[in-house]
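Asks: What follows is entry34.txt, compact mmCIF, C-alpha atoms.
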```txt
# COMPACT_ATOMS: atom_id res chain seq x y z
CA MET A 1 0.00 0.00 0.00
CA THR A 2 1.26 3.50 -0.87
CA ARG A 3 1.78 5.59 2.24
CA PRO A 4 -0.20 8.86 2.29
CA THR A 5 1.51 12.22 1.87
CA PRO A 6 2.22 13.59 5.36
CA TYR A 7 0.32 16.69 6.40
CA ASP A 8 2.73 19.53 7.17
CA GLY A 9 0.34 22.34 8.16
CA SER A 10 1.34 24.83 10.81
CA PRO A 11 -0.50 24.67 14.14
CA ALA A 12 -2.77 27.39 15.50
CA ARG A 13 -2.56 28.73 19.07
CA PHE A 14 -5.01 28.66 21.97
CA PRO A 15 -4.41 31.05 24.90
CA SER A 16 -4.93 28.69 27.82
CA GLY A 17 -4.22 31.09 30.68
CA ASP A 18 -0.86 29.44 31.32
CA GLY A 19 0.79 29.97 27.96
CA ASP A 20 -0.38 29.10 24.45
CA LEU A 21 -1.31 25.55 23.47
CA ALA A 22 -0.65 24.55 19.85
CA PHE A 23 -3.14 22.59 17.77
CA LEU A 24 -3.87 21.60 14.19
CA ASP A 25 -7.41 22.19 12.92
CA THR A 26 -8.14 20.99 9.39
CA GLY A 27 -10.72 19.21 7.24
CA PRO A 28 -14.10 20.20 5.80
CA PRO A 29 -16.39 22.64 7.62
CA THR A 30 -18.72 21.10 10.19
CA THR A 31 -21.78 23.12 9.12
CA GLY A 32 -23.98 22.86 6.05
CA THR A 33 -27.13 21.20 4.77
CA ALA A 34 -25.77 17.65 4.97
CA PRO A 35 -25.18 15.98 8.35
CA ALA A 36 -21.58 16.55 9.34
CA ALA A 37 -19.26 13.64 9.96
CA PRO A 38 -18.07 13.59 13.57
CA THR A 39 -15.12 15.72 14.55
CA LEU A 40 -12.02 13.65 15.27
CA VAL A 41 -9.45 14.67 17.90
CA LEU A 42 -6.04 13.02 17.54
CA LEU A 43 -4.06 12.74 20.79
CA HIS A 44 -0.37 11.94 20.49
CA PRO A 45 1.87 9.65 22.57
CA GLY A 46 4.01 11.01 25.37
CA TRP A 47 7.16 13.01 24.51
CA THR A 48 5.92 13.57 20.94
CA ASP A 49 3.50 16.05 19.36
CA HIS A 50 0.74 16.30 16.76
CA ALA A 51 3.25 15.87 13.90
CA LEU A 52 3.35 12.15 14.64
CA TRP A 53 -0.16 11.95 13.12
CA SER A 54 0.98 13.57 9.86
CA GLU A 55 0.19 10.56 7.67
CA VAL A 56 -3.15 9.89 9.36
CA VAL A 57 -4.46 13.46 9.15
CA PRO A 58 -4.98 13.69 5.35
CA LEU A 59 -6.85 10.38 5.32
CA PHE A 60 -9.31 11.51 7.98
CA ALA A 61 -9.49 15.16 6.84
CA ALA A 62 -11.06 14.22 3.51
CA ARG A 63 -14.31 13.65 5.41
CA HIS A 64 -13.90 14.86 9.01
CA ARG A 65 -12.86 17.96 10.83
CA VAL A 66 -9.59 16.89 12.44
CA ILE A 67 -8.11 18.55 15.54
CA ALA A 68 -4.67 17.47 16.72
CA PRO A 69 -3.30 19.34 19.75
CA ASP A 70 0.13 19.33 21.30
CA ALA A 71 -0.29 18.48 24.99
CA ARG A 72 1.06 21.04 27.43
CA GLY A 73 4.84 20.75 27.66
CA HIS A 74 5.00 18.90 24.34
CA GLY A 75 5.85 20.11 20.84
CA ALA A 76 4.96 23.76 20.31
CA SER A 77 2.73 24.05 23.41
CA ALA A 78 3.83 26.03 26.45
CA ASN A 79 5.32 24.34 29.49
CA ALA A 80 3.30 24.37 32.69
CA SER A 81 4.07 26.91 35.39
CA ARG A 82 1.48 25.54 37.80
CA PRO A 83 -0.48 22.30 38.43
CA PHE A 84 -2.76 21.20 35.60
CA ARG A 85 -4.63 18.22 34.20
CA GLN A 86 -4.27 17.35 30.52
CA CYS A 87 -7.97 16.52 30.28
CA ASP A 88 -8.89 20.03 31.47
CA ASP A 89 -6.58 21.57 28.85
CA LEU A 90 -8.24 19.48 26.15
CA ALA A 91 -11.74 20.30 27.38
CA ALA A 92 -10.96 24.03 27.33
CA LEU A 93 -9.66 23.76 23.76
CA LEU A 94 -12.67 21.80 22.49
CA ARG A 95 -15.09 24.22 24.12
CA HIS A 96 -13.15 27.13 22.64
CA LEU A 97 -13.45 25.54 19.19
CA GLY A 98 -17.12 24.65 19.67
CA THR A 99 -16.71 21.08 18.47
CA GLY A 100 -19.58 19.55 20.40
CA PRO A 101 -19.16 15.88 21.30
CA ALA A 102 -16.16 14.57 19.35
CA VAL A 103 -14.44 11.24 18.75
CA LEU A 104 -11.21 11.16 20.76
CA ILE A 105 -8.47 9.07 19.15
CA GLY A 106 -5.40 8.50 21.30
CA CYS A 107 -2.17 6.53 21.13
CA SER A 108 -0.28 5.58 24.31
CA MET A 109 -0.35 8.69 26.56
CA GLY A 110 -2.97 10.10 24.19
CA ALA A 111 -5.19 7.09 24.89
CA ASP A 112 -4.95 7.79 28.62
CA LEU A 113 -5.91 11.40 27.92
CA ALA A 114 -8.89 10.29 25.84
CA VAL A 115 -10.25 8.07 28.63
CA ALA A 116 -9.62 10.71 31.30
CA THR A 117 -11.49 13.32 29.24
CA ALA A 118 -14.42 10.99 28.65
CA LEU A 119 -14.69 10.38 32.40
CA GLU A 120 -14.15 13.97 33.55
CA HIS A 121 -15.83 15.84 30.67
CA PRO A 122 -18.35 13.35 29.21
CA ASP A 123 -20.36 16.06 27.39
CA LEU A 124 -17.43 16.55 25.00
CA VAL A 125 -17.02 12.90 23.92
CA ARG A 126 -19.12 10.74 21.60
CA ALA A 127 -16.70 7.80 21.12
CA LEU A 128 -13.18 6.67 21.95
CA VAL A 129 -10.49 5.02 19.83
CA LEU A 130 -7.52 3.81 21.87
CA SER A 131 -4.17 2.33 20.85
CA GLY A 132 -1.53 1.08 23.25
CA GLY A 133 -2.98 2.86 26.29
CA GLY A 134 -6.09 4.03 28.08
CA SER A 135 -5.70 2.45 31.51
CA GLY A 136 -3.20 4.91 32.94
CA ARG A 137 0.40 4.19 33.80
CA ASN A 138 -0.23 2.16 36.95
CA MET A 139 0.33 -1.17 35.22
CA GLU A 140 3.82 -2.61 35.62
CA LEU A 141 5.95 -3.45 32.59
CA ARG A 142 6.59 -7.21 32.49
CA THR A 143 8.03 -8.06 29.06
CA PRO A 144 11.84 -8.15 29.43
CA TRP A 145 12.24 -6.13 26.22
CA ALA A 146 9.97 -3.34 27.55
CA VAL A 147 11.67 -3.31 30.97
CA GLU A 148 15.15 -3.17 29.42
CA ASN A 149 14.24 -0.42 26.94
CA ALA A 150 12.70 1.72 29.69
CA ALA A 151 15.87 1.24 31.77
CA ARG A 152 18.05 2.33 28.85
CA GLN A 153 15.98 5.50 28.43
CA GLN A 154 16.33 6.34 32.12
CA ALA A 155 20.09 5.68 32.06
CA ALA A 156 20.55 7.94 29.04
CA LEU A 157 18.55 10.71 30.71
CA ALA A 158 20.59 10.39 33.90
CA ALA A 159 23.78 10.71 31.85
CA GLY A 160 22.41 13.73 29.97
CA ASP A 161 22.81 11.88 26.66
CA LEU A 162 19.75 13.14 24.79
CA PRO A 163 20.54 11.50 21.41
CA ALA A 164 20.88 8.12 23.14
CA TRP A 165 17.62 8.70 24.97
CA ALA A 166 15.90 9.54 21.67
CA GLU A 167 17.27 6.37 20.08
CA HIS A 168 15.91 4.18 22.87
CA PHE A 169 12.64 6.10 22.92
CA ALA A 170 12.13 5.52 19.19
CA HIS A 171 13.03 1.86 19.74
CA GLY A 172 9.67 1.60 21.54
CA ALA A 173 8.10 1.40 18.09
CA VAL A 174 9.98 -1.81 17.32
CA GLY A 175 8.61 -4.15 19.97
CA PRO A 176 10.00 -7.40 21.35
CA GLN A 177 9.64 -9.42 18.15
CA ARG A 178 11.40 -7.22 15.58
CA GLN A 179 14.58 -5.36 14.74
CA PRO A 180 14.75 -1.62 13.95
CA GLY A 181 15.19 -2.41 10.25
CA ASP A 182 11.70 -3.91 10.26
CA VAL A 183 10.11 -0.52 11.04
CA PRO A 184 9.92 2.33 8.48
CA ALA A 185 13.02 4.48 8.98
CA GLU A 186 10.96 7.61 8.37
CA LEU A 187 8.67 6.77 11.29
CA LEU A 188 11.59 6.09 13.64
CA GLY A 189 13.10 9.41 12.55
CA ARG A 190 9.89 11.28 13.28
CA ILE A 191 9.64 9.70 16.73
CA ARG A 192 13.24 10.65 17.54
CA THR A 193 12.78 14.21 16.26
CA ALA A 194 9.51 14.76 18.13
CA GLY A 195 10.97 13.29 21.31
CA LEU A 196 14.02 15.54 21.20
CA ARG A 197 11.85 18.56 20.39
CA THR A 198 9.81 17.99 23.52
CA LEU A 199 12.64 16.90 25.80
CA SER A 200 14.71 19.96 24.87
CA LYS A 201 11.93 22.18 26.25
CA HIS A 202 12.50 20.90 29.77
CA ALA A 203 15.26 21.25 32.38
CA PRO A 204 16.43 18.16 34.29
CA ASP A 205 15.30 19.63 37.62
CA GLU A 206 12.02 21.03 36.33
CA PRO A 207 9.01 20.15 38.54
CA ASP A 208 6.33 17.94 37.03
CA HIS A 209 3.12 19.95 37.34
CA HIS A 210 0.91 17.41 35.58
CA ILE A 211 -1.80 15.87 37.78
CA PRO A 212 -2.98 12.55 36.29
CA VAL A 213 -6.60 11.50 36.58
CA PRO A 214 -6.49 8.49 38.94
CA ASP A 215 -7.94 5.00 38.60
CA LEU A 216 -8.61 5.02 34.84
CA ALA A 217 -8.58 1.22 34.67
CA ALA A 218 -11.03 0.84 37.54
CA ARG A 219 -13.30 3.61 36.28
CA ALA A 220 -13.48 2.37 32.68
CA ALA A 221 -16.75 0.57 33.41
CA ALA A 222 -18.34 3.99 34.00
CA LEU A 223 -17.82 5.00 30.37
CA THR A 224 -21.04 5.49 28.43
CA VAL A 225 -19.61 5.87 24.90
CA PRO A 226 -18.51 3.28 22.33
CA VAL A 227 -14.84 2.28 22.55
CA LEU A 228 -12.57 0.83 19.87
CA ALA A 229 -9.17 -0.59 20.83
CA VAL A 230 -6.68 -0.77 17.95
CA ASN A 231 -3.44 -2.47 18.96
CA GLY A 232 -0.34 -3.58 17.11
CA ALA A 233 0.16 -7.34 17.13
CA LEU A 234 3.89 -6.81 17.71
CA ASP A 235 3.59 -4.49 20.72
CA ALA A 236 4.53 -5.67 24.20
CA PRO A 237 1.50 -7.65 25.48
CA GLU A 238 1.00 -5.55 28.62
CA LEU A 239 0.96 -2.32 26.57
CA ALA A 240 -1.64 -3.71 24.18
CA SER A 241 -3.72 -4.87 27.14
CA TYR A 242 -4.35 -1.29 28.30
CA ALA A 243 -6.66 -0.36 25.44
CA ARG A 244 -8.25 -3.82 25.34
CA HIS A 245 -9.15 -3.53 29.02
CA VAL A 246 -11.04 -0.29 28.42
CA ALA A 247 -12.88 -1.71 25.40
CA ASP A 248 -13.83 -4.81 27.39
CA SER A 249 -15.03 -2.68 30.32
CA ALA A 250 -17.11 -0.24 28.28
CA PRO A 251 -20.79 -0.94 27.57
CA TRP A 252 -20.07 -1.17 23.83
CA GLY A 253 -16.50 -1.99 22.87
CA ARG A 254 -14.50 -3.65 20.10
CA THR A 255 -10.84 -4.63 19.72
CA VAL A 256 -8.95 -4.74 16.42
CA THR A 257 -5.37 -5.96 16.07
CA LEU A 258 -3.16 -4.70 13.23
CA SER A 259 -0.60 -7.23 12.08
CA ASP A 260 2.96 -6.08 11.37
CA ALA A 261 2.62 -3.12 13.74
CA GLY A 262 3.95 -2.30 17.18
CA HIS A 263 3.23 0.32 19.85
CA PHE A 264 2.80 3.15 17.33
CA ALA A 265 0.31 1.15 15.27
CA PRO A 266 -1.75 4.11 13.92
CA MET A 267 1.39 5.75 12.55
CA GLU A 268 2.92 2.53 11.26
CA ARG A 269 -0.24 1.36 9.45
CA PRO A 270 -2.17 4.60 8.81
CA GLY A 271 -4.41 3.25 6.04
CA GLU A 272 -5.46 0.16 7.99
CA PHE A 273 -5.94 2.23 11.12
CA VAL A 274 -8.22 4.74 9.38
CA GLU A 275 -10.21 1.93 7.78
CA ALA A 276 -10.75 0.31 11.19
CA VAL A 277 -11.84 3.60 12.73
CA GLU A 278 -14.26 4.47 9.94
CA GLY A 279 -15.83 1.02 10.13
CA PHE A 280 -16.20 1.36 13.89
CA LEU A 281 -17.84 4.78 13.58
CA ARG A 282 -20.33 3.45 11.04
CA GLU A 283 -21.14 0.52 13.32
CA ALA A 284 -21.45 2.76 16.37
CA GLU A 285 -23.78 5.17 14.57
CA GLY A 286 -25.89 2.24 13.37
CA GLN A 287 -26.07 0.86 16.89
CA ALA A 288 -27.13 4.24 18.25
CA GLY A 289 -29.80 4.56 15.58
CA SER A 290 -31.12 1.08 16.34
CA GLU A 291 -31.38 1.80 20.07
CA ALA A 292 -33.10 5.13 19.37
CA GLY A 293 -35.62 3.34 17.17
CA GLN A 294 -36.36 0.89 19.96
CA GLY A 295 -36.95 3.74 22.38
CA ARG A 296 -33.88 3.04 24.53
```
Please lay out the structure from this file as structure tokens.

Replies:
Amino acid sequence: MTRPTPYDGSPARFPSGDGDLAFLDTGPPTTGTAPAAPTLVLLHPGWTDHALWSEVVPLFAARHRVIAPDARGHGASANASRPFRQCDDLAALLRHLGTGPAVLIGCSMGADLAVATALEHPDLVRALVLSGGGSGRNMELRTPWAVENAARQQAALAAGDLPAWAEHFAHGAVGPQRQPGDVPAELLGRIRTAGLRTLSKHAPDEPDHHIPVPDLAARAAALTVPVLAVNGALDAPELASYARHVADSAPWGRTVTLSDAGHFAPMERPGEFVEAVEGFLREAEGQAGSEAGQGR
């Protein structure tokens, strides 16, 4: 399959009250005579930014309004100077943009953010798509490959060797069953570049002002929206289990596994990922219409 042309649009700015937050906003207008397709919000993994979605954006934007923010302290968004929650930042942005209930699509840290927003700001969410995350970071790494790679990242940070850290960080896309040569070099390069761009914004002794929403895994059963988990078959099993747990806990959930993909499955297999999401949205809308017709 031919890979799509990456989207290279410049982000807009949202004045959050604690510095500007950067976001991409593209796609067809959401008003008109025909019913609008749902707005999609793409939430990036930790240490990266919205540019990691660059091959996914043009595929979705042909039909949907697509919003892809940089989380606070990531990419072009301002660092925090006081305590904050990522889900509150996202809620403020979506209300500012007037999106109405949107489909939140998150990978890794972005999946955690999607679930947290659905729990804390349910009026803004109509469905969730999660990849490699969604249950928070309270689950322990067990796969030796994942444990060793995390240790290498920490050792490189402690030594102040940012290029080595970026190399090990990008290696997270490989997974325990492959070698780096099995992953598109362009994707590994984008992960390294985004990681260094974010890491370079922060000082080693900088306080972490982010307040995570607790107990995402336990609270997943309280979700009221459809959930799709899309995992890479070659990801570490415990990482793939995060999204699957949320889909299994939700009242209406599905899990899809993409072969020949690891932790960054949406970026590694953008066409297959978009196809899975579009099919899920059609099924979810049909389910909602059926329940409405039955008076539920």

Asks: Could you list, as a ChimeraX atom specification, every residue within 10 Å of region 207-217 of chain A, counting only C-alpha atoms and ignoring same-chain residues fewer than 5 positions away?

Replies: /A:72-73,79-87,112-113,115-117,119-120,134-139,202,222,242-243,245-246,249

Asks: Which is closest to Trp47 (chain A) among A:Leu21, A:Cys107, A:Ala164, A:Leu199, if we use only C-alpha atoms?

Replies: A:Leu199

Asks: Give me the residues within 8 Å of region 224-231 of chain A as a ChimeraX atom specification, counting only C-alpha atoms and dropping any in the same chain fewer than 5 places off.

Replies: /A:125-132,240,243-244,246-247,250-258,262-263,265,273,276-277,280,284

Asks: Of the candidates A:Ala37, A:Leu223, A:Gln287, A:Gly27, which one gets nearest to Val57 (chain A) if we count only C-alpha atoms?

Replies: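 Answer, going by the shortest atom-to-atom distance: A:Gly27.
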
Asks: Do you have the CA of Pro270 (chain A)-CA of Glu283 (chain A) distance handy?

Replies: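 We find that CA of Pro270 (chain A) and CA of Glu283 (chain A) lie 19.9 Å from each other.
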
Asks: Between CA of Leu187 (chain A) and CA of Pro38 (chain A), measure the distance and give it in Å to one decimal.

Replies: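 Interatomic distance here is 27.7 Å.
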
Asks: What would the list of residues within 7 Å of (-7.4, 23.0, 11.2) (file frame) look like as an MDAnalysis selection string, if all atoms listed in the file are what count?

Replies: chainID A and resid 24:27 66:67

Asks: Quick one: distance from CA of Leu90 (chain A) to CA of Ala51 (chain A) in Å, one decimal?

Replies: 17.2 Å

Asks: Taking all atoms listed in the file into account, which of A:Arg65, A:His44, A:His74, A:Arg192 comes nearest Ala102 (chain A)?

Replies: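 Selected residue with least distance to Ala102 (chain A): A:Arg65.
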
Asks: Can you work out which one of A:Val183, A:Ala151, A:Ala194, A:Leu239 has the shortest atom-to-atom distance to Ala166 (chain A), counting only C-alpha atoms?

Replies: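 Among A:Val183, A:Ala151, A:Ala194, A:Leu239, it is A:Ala194 that comes nearest to Ala166 (chain A).
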
Asks: May I ask which of the residues A:Glu186, A:Asp205, A:Asp89, A:Asp123 is the closest one to Ala158 (chain A), counting only C-alpha atoms?

Replies: A:Asp205

Asks: Which residues come within 8 Å of Gly189 (chain A), counting all atoms listed in the file, excluding same-chain residues fewer than 4 positions away, as JSON, numbers by chain?

Replies: {"A": [170, 185, 193]}

Asks: From the options A:Ala218, A:Leu141, A:Leu40, A:Leu157, which residue's atoms come nearest to Pro237 (chain A), counting all atoms listed in the file?

Replies: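 Checking each candidate against Pro237 (chain A), we get A:Leu141 as the closest.
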